[in-house]
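Asks: Dropping a structure here in structure tokens format, bear with me for questions.
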Amino acid sequence: MIILSSDKMEQKELKFNIEEIITRSPRLETVIMVEQFIKENNGEFRKTELFNNIPKKIMWGTFNVILKYLYENNKIGIDKEGFIIYIWNPELIQKFLNKKRY
């Protein structure tokens with residue numbers, strides 16, 4: 001996982017532990033709720049704090065499945081202190097896709 005920092009890019013491991021705990025497939029509305037909460041509270045919570053503050057209580061395993069999905073789809077990252085950051089930026093991606101290449 002890439003960690004975002006002001007001085008340099010570093011690597012840090014974010015563990016999802018979905019193999020070791022009971023997991024359930026999340027509903028779409030639950031995934032959207034967690035994603036929206038991360039987006040609104042960008043960089044304010046670490047993983048456990050985020051879990052304890054989301055609006056609707058879900059199982060820890062389901063929460064980890066959602067975080068893994070968001071991470072694998074490049075929607076979240078983690079800074080060097082361990083705070084979850086929302087990094088998805090479709091406008092920036094569109095700029096790169098529309099850029100002329102010679």
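Identifiers for the structure tokens are assigned positionally: chains receive A, B, ... in sequence, residues are indexed from 1 per chain, and ligands are indexed from 1 in the order shown.
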Using only C-alpha atoms, determine which residues lie at most 12 Å from A:Arg27, disregarding the query and same-chain residues fewer than 3 positions distant; provide the list as a ChimeraX atom specification.
Replies: /A:24,30-34,58,62-63,65-66
Asks: Using DSSP on the backbone coordinates, identify the residues of stretch 22-98 of chain A assigned to strand (DSSP E); present them as a list in words.
Replies: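 Put together, the selection reads Ile76, Gly77, Ile78, Asp79, Ile84, Ile85 and Tyr86 of chain A.
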Asks: Might you pull out every residue within 8 Å of stretch 85-88 of chain A, with only C-alpha atoms counted and same-chain residues fewer than 5 positions away left off, and present them as a CSV table (one decimal) with C-alpha atoms, in the first residue's frame?
Replies:
```csv
chain,number,residue,atom,x,y,z
A,38,ILE,CA,-14.4,8.1,4.6
A,39,LYS,CA,-14.8,10.8,1.9
A,42,ASN,CA,-10.9,12.3,5.0
A,43,GLY,CA,-7.8,11.6,7.1
A,74,ASN,CA,-7.7,2.9,-5.6
A,75,LYS,CA,-10.3,4.8,-3.6
A,76,ILE,CA,-8.5,4.9,-0.3
A,77,GLY,CA,-5.0,5.0,1.0
A,78,ILE,CA,-3.3,5.4,4.3
A,79,ASP,CA,-0.9,8.0,5.5
```
Asks: Pick the closest to A:Asn41 from A:Leu97, A:Pro90, A:Leu70, A:Ile84: which is it, counting only C-alpha atoms?
Replies: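 Ranked by minimum distance to A:Asn41, first place goes to A:Ile84.
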Asks: List every residue of stretch 7-95 of chain A that DSSP, applied to the backbone, labels as alpha helix (DSSP H), and write the result as a PyMOL selection string.
Replies: chain A and resi 28-40+47-53+60-72+90-95
Asks: Could the residues in this selection be written to a file with C-alpha atoms, as a compact mmCIF listing (two decimals), in the first residue's frame?
Replies:
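Here's the written file selection14.txt:
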```txt
# COMPACT_ATOMS: atom_id res chain seq x y z
CA LEU A 28 -24.14 -2.05 -1.96
CA GLU A 29 -25.74 0.53 0.34
CA THR A 30 -23.29 -0.46 3.11
CA VAL A 31 -20.28 -0.09 0.80
CA ILE A 32 -21.55 3.33 -0.32
CA MET A 33 -22.16 4.37 3.30
CA VAL A 34 -18.59 3.48 4.35
CA GLU A 35 -17.09 5.11 1.24
CA GLN A 36 -19.12 8.30 1.79
CA PHE A 37 -18.13 8.42 5.47
CA ILE A 38 -14.44 8.08 4.57
CA LYS A 39 -14.82 10.80 1.93
CA GLU A 40 -16.51 13.19 4.38
CA LYS A 47 -8.96 1.86 10.84
CA THR A 48 -10.43 0.95 14.26
CA GLU A 49 -11.57 4.53 14.93
CA LEU A 50 -13.27 4.57 11.54
CA PHE A 51 -15.06 1.30 12.36
CA ASN A 52 -16.29 2.71 15.68
CA ASN A 53 -17.57 5.96 14.12
CA TRP A 60 -15.71 -6.24 11.68
CA GLY A 61 -15.30 -8.83 8.91
CA THR A 62 -17.72 -7.01 6.62
CA PHE A 63 -15.91 -3.75 7.34
CA ASN A 64 -12.60 -5.33 6.32
CA VAL A 65 -14.11 -6.67 3.08
CA ILE A 66 -15.31 -3.13 2.25
CA LEU A 67 -11.90 -1.57 3.02
CA LYS A 68 -10.15 -4.19 0.89
CA TYR A 69 -12.53 -3.45 -2.00
CA LEU A 70 -11.98 0.33 -1.70
CA TYR A 71 -8.21 -0.12 -1.46
CA GLU A 72 -7.99 -2.47 -4.45
CA PRO A 90 -12.27 10.99 -11.26
CA GLU A 91 -11.77 14.55 -12.58
CA LEU A 92 -7.98 14.16 -12.49
CA ILE A 93 -8.20 10.77 -14.18
CA GLN A 94 -10.36 12.27 -16.93
CA LYS A 95 -7.73 14.97 -17.52
```
Asks: I'd like the interatomic distance between atom CA of A:Pro55 and atom CA of A:Glu81, to a tenth of an Å.
Replies: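 It comes out at 23.7 Å.
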